[in-house]
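A.B. asks: This is the content of data_11.pdb (PDB, C-alpha atoms, pLDDT in the B column):
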ATOM      1  CA  MET U   1     201.740 110.568  72.024  1.00 86.00           C
ATOM      2  CA  ARG U   2     198.702 111.471  74.113  1.00 94.00           C
ATOM      3  CA  ILE U   3     195.124 111.678  72.870  1.00 96.00           C
ATOM      4  CA  LEU U   4     193.044 114.779  73.573  1.00 97.00           C
ATOM      5  CA  THR U   5     189.291 114.218  73.364  1.00 97.00           C
ATOM      6  CA  ILE U   6     187.575 117.479  72.413  1.00 97.00           C
ATOM      7  CA  ILE U   7     183.877 117.410  73.349  1.00 97.00           C
ATOM      8  CA  ILE U   8     181.562 119.820  71.512  1.00 96.00           C
ATOM      9  CA  PRO U   9     177.938 119.926  72.752  1.00 95.00           C
ATOM     10  CA  VAL U  10     175.708 121.553  70.112  1.00 95.00           C
ATOM     11  CA  PHE U  11     172.211 122.973  70.368  1.00 94.00           C
ATOM     12  CA  ASN U  12     170.915 125.108  67.494  1.00 94.00           C
ATOM     13  CA  GLU U  13     174.266 126.460  66.333  1.00 92.00           C
ATOM     14  CA  ALA U  14     173.720 126.206  62.550  1.00 93.00           C
ATOM     15  CA  PRO U  15     175.290 129.622  61.788  1.00 91.00           C
ATOM     16  CA  SER U  16     178.564 128.814  63.565  1.00 90.00           C
ATOM     17  CA  ILE U  17     179.145 125.076  63.919  1.00 94.00           C
ATOM     18  CA  ALA U  18     180.928 124.416  60.597  1.00 95.00           C
ATOM     19  CA  LYS U  19     183.322 127.317  61.215  1.00 93.00           C
ATOM     20  CA  VAL U  20     183.924 126.138  64.778  1.00 94.00           C
ATOM     21  CA  LEU U  21     184.746 122.640  63.511  1.00 96.00           C
ATOM     22  CA  ASN U  22     187.100 124.211  60.982  1.00 94.00           C
ATOM     23  CA  ASN U  23     188.838 126.208  63.682  1.00 93.00           C
ATOM     24  CA  VAL U  24     189.167 123.174  65.952  1.00 95.00           C
ATOM     25  CA  THR U  25     190.462 120.788  63.286  1.00 94.00           C
ATOM     26  CA  GLN U  26     192.980 123.326  61.983  1.00 92.00           C
ATOM     27  CA  THR U  27     194.402 124.083  65.424  1.00 91.00           C
ATOM     28  CA  THR U  28     197.916 122.774  66.026  1.00 84.00           C
ATOM     29  CA  LEU U  29     198.117 120.825  69.270  1.00 87.00           C
ATOM     30  CA  GLY U  30     201.822 120.051  69.163  1.00 82.00           C
ATOM     31  CA  ALA U  31     203.824 116.889  68.622  1.00 84.00           C
ATOM     32  CA  GLN U  32     202.727 115.314  71.912  1.00 88.00           C
ATOM     33  CA  TRP U  33     199.036 115.255  71.036  1.00 94.00           C
ATOM     34  CA  LYS U  34     196.547 113.587  68.732  1.00 94.00           C
ATOM     35  CA  ALA U  35     192.960 114.897  68.640  1.00 94.00           C
ATOM     36  CA  GLU U  36     189.693 112.988  68.916  1.00 96.00           C
ATOM     37  CA  LEU U  37     186.534 115.081  68.385  1.00 97.00           C
ATOM     38  CA  ILE U  38     183.168 114.030  69.791  1.00 98.00           C
ATOM     39  CA  VAL U  39     180.272 116.246  68.718  1.00 98.00           C
ATOM     40  CA  VAL U  40     176.921 115.766  70.463  1.00 98.00           C
ATOM     41  CA  ASP U  41     173.917 117.285  68.721  1.00 97.00           C
ATOM     42  CA  ASP U  42     171.570 117.982  71.621  1.00 96.00           C
ATOM     43  CA  GLY U  43     168.188 117.853  69.895  1.00 96.00           C
ATOM     44  CA  SER U  44     168.838 120.759  67.517  1.00 96.00           C
ATOM     45  CA  ASN U  45     165.935 121.766  65.264  1.00 96.00           C
ATOM     46  CA  ASP U  46     167.752 124.285  63.061  1.00 95.00           C
ATOM     47  CA  GLY U  47     169.692 121.890  60.819  1.00 95.00           C
ATOM     48  CA  SER U  48     172.837 121.751  62.970  1.00 96.00           C
ATOM     49  CA  TYR U  49     172.961 117.955  62.824  1.00 97.00           C
ATOM     50  CA  ASP U  50     172.922 117.878  59.013  1.00 97.00           C
ATOM     51  CA  ILE U  51     175.632 120.543  58.842  1.00 97.00           C
ATOM     52  CA  ILE U  52     177.863 118.517  61.176  1.00 97.00           C
ATOM     53  CA  ASP U  53     177.161 115.277  59.318  1.00 97.00           C
ATOM     54  CA  THR U  54     178.034 116.922  55.994  1.00 97.00           C
ATOM     55  CA  TYR U  55     181.225 118.374  57.450  1.00 96.00           C
ATOM     56  CA  ILE U  56     182.341 114.943  58.675  1.00 96.00           C
ATOM     57  CA  LYS U  57     181.672 113.358  55.293  1.00 96.00           C
ATOM     58  CA  GLU U  58     183.627 116.119  53.549  1.00 95.00           C
ATOM     59  CA  HIS U  59     186.578 115.704  55.953  1.00 94.00           C
ATOM     60  CA  PRO U  60     187.043 111.931  56.342  1.00 91.00           C
ATOM     61  CA  ASP U  61     190.658 112.341  57.490  1.00 89.00           C
ATOM     62  CA  PHE U  62     189.588 113.968  60.758  1.00 92.00           C
ATOM     63  CA  ASN U  63     188.726 111.758  63.723  1.00 91.00           C
ATOM     64  CA  ILE U  64     185.210 113.063  64.445  1.00 96.00           C
ATOM     65  CA  LYS U  65     182.397 111.122  66.123  1.00 97.00           C
ATOM     66  CA  LEU U  66     178.853 112.476  65.875  1.00 97.00           C
ATOM     67  CA  LEU U  67     176.318 111.548  68.553  1.00 98.00           C
ATOM     68  CA  LYS U  68     172.709 112.684  68.790  1.00 97.00           C
ATOM     69  CA  HIS U  69     170.050 113.349  71.395  1.00 97.00           C
ATOM     70  CA  GLU U  70     166.571 113.156  69.908  1.00 96.00           C
ATOM     71  CA  ILE U  71     165.388 115.854  72.319  1.00 96.00           C
ATOM     72  CA  ASN U  72     167.253 118.717  73.964  1.00 95.00           C
ATOM     73  CA  LYS U  73     168.733 117.537  77.259  1.00 95.00           C
ATOM     74  CA  GLY U  74     171.255 120.270  78.073  1.00 93.00           C
ATOM     75  CA  LYS U  75     175.004 120.884  77.952  1.00 93.00           C
ATOM     76  CA  GLY U  76     175.733 118.673  80.957  1.00 94.00           C
ATOM     77  CA  MET U  77     173.969 115.698  79.391  1.00 96.00           C
ATOM     78  CA  GLY U  78     175.815 116.303  76.132  1.00 96.00           C
ATOM     79  CA  ILE U  79     179.116 116.083  78.006  1.00 95.00           C
ATOM     80  CA  GLN U  80     178.021 112.934  79.840  1.00 96.00           C
ATOM     81  CA  THR U  81     177.012 111.265  76.565  1.00 96.00           C
ATOM     82  CA  ALA U  82     180.363 112.146  74.985  1.00 97.00           C
ATOM     83  CA  LEU U  83     182.385 110.933  77.983  1.00 96.00           C
ATOM     84  CA  LYS U  84     180.965 107.433  77.513  1.00 95.00           C
ATOM     85  CA  LYS U  85     182.600 107.324  74.062  1.00 96.00           C
ATOM     86  CA  ALA U  86     185.804 109.202  74.902  1.00 96.00           C
ATOM     87  CA  THR U  87     189.117 107.355  74.588  1.00 95.00           C
ATOM     88  CA  GLY U  88     191.513 110.256  75.183  1.00 96.00           C
ATOM     89  CA  ASP U  89     194.003 110.662  78.001  1.00 97.00           C
ATOM     90  CA  TYR U  90     192.608 114.171  78.528  1.00 97.00           C
ATOM     91  CA  VAL U  91     189.225 115.749  77.811  1.00 97.00           C
ATOM     92  CA  LEU U  92     188.643 119.360  76.720  1.00 97.00           C
ATOM     93  CA  ILE U  93     185.234 121.034  76.546  1.00 95.00           C
ATOM     94  CA  GLN U  94     184.649 123.272  73.505  1.00 94.00           C
ATOM     95  CA  ASP U  95     181.484 125.328  73.061  1.00 89.00           C
ATOM     96  CA  ALA U  96     179.910 125.320  69.588  1.00 85.00           C
ATOM     97  CA  ASP U  97     180.074 129.087  69.105  1.00 81.00           C
ATOM     98  CA  PHE U  98     182.793 131.702  68.662  1.00 77.00           C
ATOM     99  CA  GLU U  99     183.079 132.785  72.298  1.00 85.00           C
ATOM    100  CA  TYR U 100     186.215 130.677  72.823  1.00 88.00           C
ATOM    101  CA  ASP U 101     189.257 130.470  70.540  1.00 91.00           C
ATOM    102  CA  PRO U 102     190.828 127.046  69.797  1.00 92.00           C
ATOM    103  CA  ASN U 103     194.147 128.835  69.335  1.00 92.00           C
ATOM    104  CA  ASP U 104     194.259 128.854  73.151  1.00 94.00           C
ATOM    105  CA  TYR U 105     194.531 125.043  73.260  1.00 95.00           C
ATOM    106  CA  ALA U 106     198.334 125.127  73.274  1.00 93.00           C
ATOM    107  CA  GLU U 107     198.432 127.294  76.393  1.00 94.00           C
ATOM    108  CA  LEU U 108     195.749 125.238  78.126  1.00 96.00           C
ATOM    109  CA  LEU U 109     197.791 122.093  77.507  1.00 96.00           C
ATOM    110  CA  THR U 110     201.179 123.527  78.525  1.00 96.00           C
ATOM    111  CA  PRO U 111     200.825 122.881  82.314  1.00 97.00           C
ATOM    112  CA  ILE U 112     199.867 119.279  81.461  1.00 96.00           C
ATOM    113  CA  GLU U 113     202.783 118.806  79.065  1.00 95.00           C
ATOM    114  CA  LYS U 114     205.206 120.072  81.708  1.00 95.00           C
ATOM    115  CA  GLY U 115     203.821 117.625  84.266  1.00 95.00           C
ATOM    116  CA  TYR U 116     202.398 120.298  86.568  1.00 97.00           C
ATOM    117  CA  ALA U 117     198.665 119.750  86.114  1.00 97.00           C
ATOM    118  CA  ASN U 118     196.024 117.088  85.604  1.00 96.00           C
ATOM    119  CA  VAL U 119     193.226 119.690  85.348  1.00 97.00           C
ATOM    120  CA  VAL U 120     193.426 123.102  83.668  1.00 98.00           C
ATOM    121  CA  TYR U 121     190.753 125.811  83.721  1.00 98.00           C
ATOM    122  CA  GLY U 122     190.796 128.775  81.385  1.00 96.00           C
ATOM    123  CA  SER U 123     190.043 132.187  82.839  1.00 95.00           C
ATOM    124  CA  ARG U 124     188.407 135.151  81.154  1.00 92.00           C
ATOM    125  CA  PHE U 125     189.513 137.426  83.991  1.00 91.00           C
ATOM    126  CA  VAL U 126     193.295 137.068  84.024  1.00 89.00           C
ATOM    127  CA  GLY U 127     195.956 137.686  81.394  1.00 80.00           C
ATOM    128  CA  SER U 128     196.275 140.184  78.571  1.00 73.00           C
ATOM    129  CA  LYS U 129     194.328 138.435  75.810  1.00 85.00           C
ATOM    130  CA  PRO U 130     191.350 140.184  74.172  1.00 78.00           C
ATOM    131  CA  HIS U 131     188.023 140.106  76.009  1.00 76.00           C
ATOM    132  CA  ARG U 132     184.810 141.441  74.572  1.00 76.00           C
ATOM    133  CA  ILE U 133     183.068 143.905  76.870  1.00 76.00           C
ATOM    134  CA  LEU U 134     179.461 142.889  77.483  1.00 71.00           C
ATOM    135  CA  LEU U 135     177.001 143.074  80.367  1.00 78.00           C
ATOM    136  CA  PHE U 136     178.169 144.235  83.807  1.00 85.00           C
ATOM    137  CA  TYR U 137     175.623 142.054  85.605  1.00 83.00           C
ATOM    138  CA  HIS U 138     176.890 138.925  83.818  1.00 82.00           C
ATOM    139  CA  TYR U 139     180.414 139.795  84.925  1.00 86.00           C
ATOM    140  CA  MET U 140     179.318 140.303  88.528  1.00 89.00           C
ATOM    141  CA  GLY U 141     177.247 137.119  88.418  1.00 88.00           C
ATOM    142  CA  ASN U 142     180.228 135.102  87.238  1.00 88.00           C
ATOM    143  CA  ARG U 143     182.483 136.598  89.901  1.00 93.00           C
ATOM    144  CA  PHE U 144     179.910 135.925  92.626  1.00 94.00           C
ATOM    145  CA  LEU U 145     179.437 132.292  91.560  1.00 95.00           C
ATOM    146  CA  THR U 146     183.190 131.765  91.527  1.00 97.00           C
ATOM    147  CA  PHE U 147     183.517 133.389  94.962  1.00 97.00           C
ATOM    148  CA  LEU U 148     180.719 131.229  96.382  1.00 97.00           C
ATOM    149  CA  SER U 149     182.215 128.081  94.876  1.00 97.00           C
ATOM    150  CA  ASN U 150     185.675 128.931  96.242  1.00 98.00           C
ATOM    151  CA  ILE U 151     184.283 129.296  99.771  1.00 97.00           C
ATOM    152  CA  PHE U 152     183.236 125.655  99.764  1.00 97.00           C
ATOM    153  CA  THR U 153     185.960 124.098  97.596  1.00 97.00           C
ATOM    154  CA  ASN U 154     188.843 126.069  99.161  1.00 97.00           C
ATOM    155  CA  LEU U 155     190.192 126.735  95.673  1.00 97.00           C
ATOM    156  CA  ASN U 156     191.288 130.182  94.491  1.00 96.00           C
ATOM    157  CA  LEU U 157     189.828 130.084  90.988  1.00 97.00           C
ATOM    158  CA  THR U 158     189.060 133.330  89.191  1.00 96.00           C
ATOM    159  CA  ASP U 159     186.521 131.867  86.704  1.00 95.00           C
ATOM    160  CA  MET U 160     184.678 128.731  87.792  1.00 95.00           C
ATOM    161  CA  GLU U 161     182.009 129.196  85.085  1.00 93.00           C
ATOM    162  CA  VAL U 162     184.487 129.296  82.175  1.00 93.00           C
ATOM    163  CA  GLY U 163     183.683 127.050  79.207  1.00 89.00           C
ATOM    164  CA  TYR U 164     187.290 125.954  78.609  1.00 94.00           C
ATOM    165  CA  LYS U 165     188.193 123.169  81.003  1.00 96.00           C
ATOM    166  CA  VAL U 166     190.661 120.309  80.469  1.00 97.00           C
ATOM    167  CA  PHE U 167     190.508 117.181  82.629  1.00 97.00           C
ATOM    168  CA  SER U 168     192.517 114.009  82.938  1.00 96.00           C
ATOM    169  CA  ARG U 169     190.029 111.309  81.923  1.00 94.00           C
ATOM    170  CA  GLU U 170     191.505 109.143  84.678  1.00 92.00           C
ATOM    171  CA  LEU U 171     190.462 111.802  87.203  1.00 93.00           C
ATOM    172  CA  LEU U 172     186.927 111.978  85.775  1.00 91.00           C
ATOM    173  CA  LYS U 173     186.235 108.269  85.421  1.00 87.00           C
ATOM    174  CA  ASP U 174     184.840 107.674  88.922  1.00 86.00           C
ATOM    175  CA  ILE U 175     182.995 111.004  89.181  1.00 92.00           C
ATOM    176  CA  ARG U 176     179.253 110.592  88.732  1.00 93.00           C
ATOM    177  CA  LEU U 177     178.028 113.674  86.907  1.00 94.00           C
ATOM    178  CA  LYS U 178     174.315 114.423  87.315  1.00 94.00           C
ATOM    179  CA  GLU U 179     173.627 117.926  86.031  1.00 92.00           C
ATOM    180  CA  LYS U 180     171.828 118.086  82.688  1.00 90.00           C
ATOM    181  CA  SER U 181     172.481 121.697  81.748  1.00 84.00           C
ATOM    182  CA  PHE U 182     174.826 124.547  82.723  1.00 82.00           C
ATOM    183  CA  GLY U 183     174.981 123.201  86.284  1.00 91.00           C
ATOM    184  CA  PHE U 184     177.834 121.057  84.981  1.00 94.00           C
ATOM    185  CA  GLU U 185     180.337 123.814  85.811  1.00 95.00           C
ATOM    186  CA  PRO U 186     179.747 124.106  89.592  1.00 96.00           C
ATOM    187  CA  GLU U 187     179.097 120.360  89.899  1.00 96.00           C
ATOM    188  CA  VAL U 188     182.333 119.207  88.288  1.00 97.00           C
ATOM    189  CA  THR U 189     184.312 121.884  90.156  1.00 97.00           C
ATOM    190  CA  ALA U 190     182.907 120.744  93.496  1.00 97.00           C
ATOM    191  CA  LYS U 191     183.620 117.095  92.775  1.00 97.00           C
ATOM    192  CA  ILE U 192     187.169 117.473  91.462  1.00 96.00           C
ATOM    193  CA  SER U 193     188.053 119.722  94.404  1.00 96.00           C
ATOM    194  CA  ARG U 194     187.757 116.685  96.685  1.00 95.00           C
ATOM    195  CA  LYS U 195     190.220 114.619  94.645  1.00 94.00           C
ATOM    196  CA  LYS U 196     193.397 113.988  96.683  1.00 92.00           C
ATOM    197  CA  ASP U 197     195.538 113.850  93.546  1.00 92.00           C
ATOM    198  CA  LEU U 198     194.148 117.084  92.047  1.00 95.00           C
ATOM    199  CA  ARG U 199     196.733 119.364  90.438  1.00 96.00           C
ATOM    200  CA  LEU U 200     194.662 122.264  89.104  1.00 98.00           C
ATOM    201  CA  TYR U 201     196.088 125.162  87.095  1.00 98.00           C
ATOM    202  CA  GLU U 202     194.430 128.203  85.545  1.00 97.00           C
ATOM    203  CA  VAL U 203     195.412 129.871  82.242  1.00 96.00           C
ATOM    204  CA  GLY U 204     194.263 133.223  80.848  1.00 95.00           C
ATOM    205  CA  ILE U 205     192.279 132.877  77.618  1.00 94.00           C
ATOM    206  CA  SER U 206     190.636 135.070  74.993  1.00 92.00           C
ATOM    207  CA  TYR U 207     186.892 135.655  75.198  1.00 89.00           C
ATOM    208  CA  PHE U 208     184.684 136.787  72.327  1.00 77.00           C
ATOM    209  CA  GLY U 209     181.342 136.732  74.127  1.00 70.00           C
ATOM    210  CA  ARG U 210     178.002 136.818  72.340  1.00 61.00           C
ATOM    211  CA  SER U 211     175.059 139.074  73.059  1.00 61.00           C
ATOM    212  CA  TYR U 212     171.540 137.635  73.305  1.00 61.00           C
ATOM    213  CA  ALA U 213     170.822 138.979  69.818  1.00 63.00           C
ATOM    214  CA  GLU U 214     173.760 136.905  68.579  1.00 59.00           C
ATOM    215  CA  GLY U 215     172.479 133.706  70.161  1.00 60.00           C
ATOM    216  CA  LYS U 216     173.667 133.651  73.774  1.00 64.00           C
ATOM    217  CA  LYS U 217     171.543 131.113  75.668  1.00 64.00           C
ATOM    218  CA  ILE U 218     172.449 131.328  79.357  1.00 69.00           C
ATOM    219  CA  ASN U 219     170.152 133.572  81.424  1.00 71.00           C
ATOM    220  CA  TRP U 220     169.356 134.631  84.986  1.00 72.00           C
ATOM    221  CA  LYS U 221     167.511 131.363  85.688  1.00 84.00           C
ATOM    222  CA  ASP U 222     170.725 129.474  84.952  1.00 77.00           C
ATOM    223  CA  GLY U 223     172.486 131.761  87.434  1.00 83.00           C
ATOM    224  CA  ILE U 224     169.982 130.906  90.172  1.00 92.00           C
ATOM    225  CA  HIS U 225     170.361 127.205  89.375  1.00 91.00           C
ATOM    226  CA  ALA U 226     174.162 127.548  89.516  1.00 92.00           C
ATOM    227  CA  ILE U 227     173.891 128.915  93.083  1.00 94.00           C
ATOM    228  CA  TYR U 228     171.746 125.906  93.968  1.00 94.00           C
ATOM    229  CA  CYS U 229     174.326 123.567  92.384  1.00 95.00           C
ATOM    230  CA  VAL U 230     177.215 125.135  94.315  1.00 96.00           C
ATOM    231  CA  LEU U 231     175.346 124.485  97.550  1.00 96.00           C
ATOM    232  CA  LYS U 232     174.030 121.066  96.551  1.00 95.00           C
ATOM    233  CA  TYR U 233     177.301 119.497  95.386  1.00 95.00           C
ATOM    234  CA  ASN U 234     179.390 120.979  98.172  1.00 95.00           C
ATOM    235  CA  LEU U 235     177.019 120.371 101.080  1.00 92.00           C
ATOM    236  CA  TRP U 236     174.422 117.631 100.688  1.00 86.00           C
ATOM    237  CA  SER U 237     175.120 115.694  97.478  1.00 81.00           C
ATOM    238  CA  ARG U 238     178.868 115.244  97.547  1.00 70.00           C
ATOM    239  CA  ARG U 239     179.087 111.964  95.599  1.00 71.00           C
TER
END
Kindly return the structure encoded in the file as structure tokens.
C.D. replies:
Amino acid sequence: MRILTIIIPVFNEAPSIAKVLNNVTQTTLGAQWKAELIVVDDGSNDGSYDIIDTYIKEHPDFNIKLLKHEINKGKGMGIQTALKKATGDYVLIQDADFEYDPNDYAELLTPIEKGYANVVYGSRFVGSKPHRILLFYHYMGNRFLTFLSNIFTNLNLTDMEVGYKVFSRELLKDIRLKEKSFGFEPEVTAKISRKKDLRLYEVGISYFGRSYAEGKKINWKDGIHAIYCVLKYNLWSRR
């Protein structure tokens, strides 16, 4: 049996985090897998930490670790903090909102179970699963960032910025992650692309995106920083 570490970075997600934890813990991984959840509260000031703590106490049978940043440090730092405590054979990143569906775990893990992959990316742009229609400029921004990343990594990804990524922890262990926020996506993609033993697959997933009124946090400044990160980690900061 293999262990899947599910990392959930949380910043001010009080309306959704308990339901997300419910969805994650009730998802069937299959007979090959046992789940380990690591939740990192990233300096929330809306009561998210207390909601998570209460959930863990009410569900003692689930293997959930709760870590805390006293101040907000960003998604990338949340992932780095969790990786230090991870014991799983594989690591999956789960956002703390309803944009991504844990029912897609089984399909994300299938290329790993069959021995094809040691890294799997979801994709919001392939497959026939439901996708919420939102802003055209976000769509074009995501496609441009993926295109730019692919130029340097020589990968043919369709969705580099996707939140659902699964990594072999063995593959990640000697990668030094530096990005504190959403720059994690282009940074980790650049660094795994140089791994000689990389076997990367992509799987179509559902996407139930949020509007800004519903709590979406990423903005145009993050897009500019992502361009910088693609250039930085592919050209002049490759380690």
A.B. asks: Can you pull out the residues contacting Val91 (chain U)? Cut-off 7 Å, using only C-alpha atoms, and skip same-chain residues under 4 positions away; I want them as a ChimeraX atom specification.
C.D. replies: /U:4-6,166-169
A.B. asks: To verify the selection step, state as a list in words which residues the PyMOL selection byres ((chain U and resi 98-103) around 8) yields on this input.
C.D. replies: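 Checked against the file, the PyMOL selection byres ((chain U and resi 98-103) around 8) matches Ser16, Val20, Asn23, Val24, Thr27, Thr28, Gln94, Asp95, Ala96, Asp97, Asp104, Tyr105, Ala106, Gly163, Tyr164, Ser206, Tyr207, Phe208, Gly209 and Arg210 of chain U.
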A.B. asks: Given all atoms listed in the file as the basis, pick out the residue of U:Thr25, U:Thr158, U:Tyr121, U:Ser128 nearest to Pro60 (chain U).
C.D. replies: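 Nearest to Pro60 (chain U): U:Thr25.
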A.B. asks: List the neighbours of region 111-118 of chain U out to 9 Å using only C-alpha atoms; skip same-chain residues closer than 6 positions along the sequence, and give me the result as a PDB file with C-alpha atoms, in the coordinates of the input.
C.D. replies:
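Output file part-v1.pdb is given in full below:
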ATOM      1  CA  GLN U  32     202.727 115.314  71.912  1.00 88.00           C
ATOM      2  CA  TYR U  90     192.608 114.171  78.528  1.00 97.00           C
ATOM      3  CA  VAL U 166     190.661 120.309  80.469  1.00 97.00           C
ATOM      4  CA  PHE U 167     190.508 117.181  82.629  1.00 97.00           C
ATOM      5  CA  SER U 168     192.517 114.009  82.938  1.00 96.00           C
ATOM      6  CA  LEU U 171     190.462 111.802  87.203  1.00 93.00           C
ATOM      7  CA  ASP U 197     195.538 113.850  93.546  1.00 92.00           C
ATOM      8  CA  LEU U 198     194.148 117.084  92.047  1.00 95.00           C
ATOM      9  CA  ARG U 199     196.733 119.364  90.438  1.00 96.00           C
ATOM     10  CA  LEU U 200     194.662 122.264  89.104  1.00 98.00           C
ATOM     11  CA  TYR U 201     196.088 125.162  87.095  1.00 98.00           C
ATOM     12  CA  GLU U 202     194.430 128.203  85.545  1.00 97.00           C
ATOM     13  CA  VAL U 203     195.412 129.871  82.242  1.00 96.00           C
TER      14      VAL U 203
END
A.B. asks: Which of these residues is nearest to Glu187 (chain U), using all atoms listed in the file: U:Asn12, U:Asn154, U:Thr54, U:Ser149?
C.D. replies: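 Of the candidates, the smallest distance to Glu187 (chain U) is held by U:Ser149.
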A.B. asks: What does the distance between CA of Ile205 (chain U) and CA of Ile133 (chain U) come to in Å, to one decimal place?
C.D. replies: 14.4 Å
A.B. asks: Any idea what the distance is between CA of Ile3 (chain U) and CA of Glu107 (chain U)?
C.D. replies: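 These atoms are spaced 16.3 Å apart.
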A.B. asks: Taking (176.7, 117.1, 79.2) in the file's coordinates as the center, which residues reach within 10 Å of it, counting all atoms listed in the file, put as a PyMOL selection string?
C.D. replies: chain U and resi 7-9+40+42+73-83+93+177-184
A.B. asks: Could you tell me which of U:Lys173, U:Arg239, U:Lys196, U:Lys232 comes closest to Lys85 (chain U) if we count only C-alpha atoms?
C.D. replies: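 Closest residue, counting only C-alpha atoms: U:Lys173.
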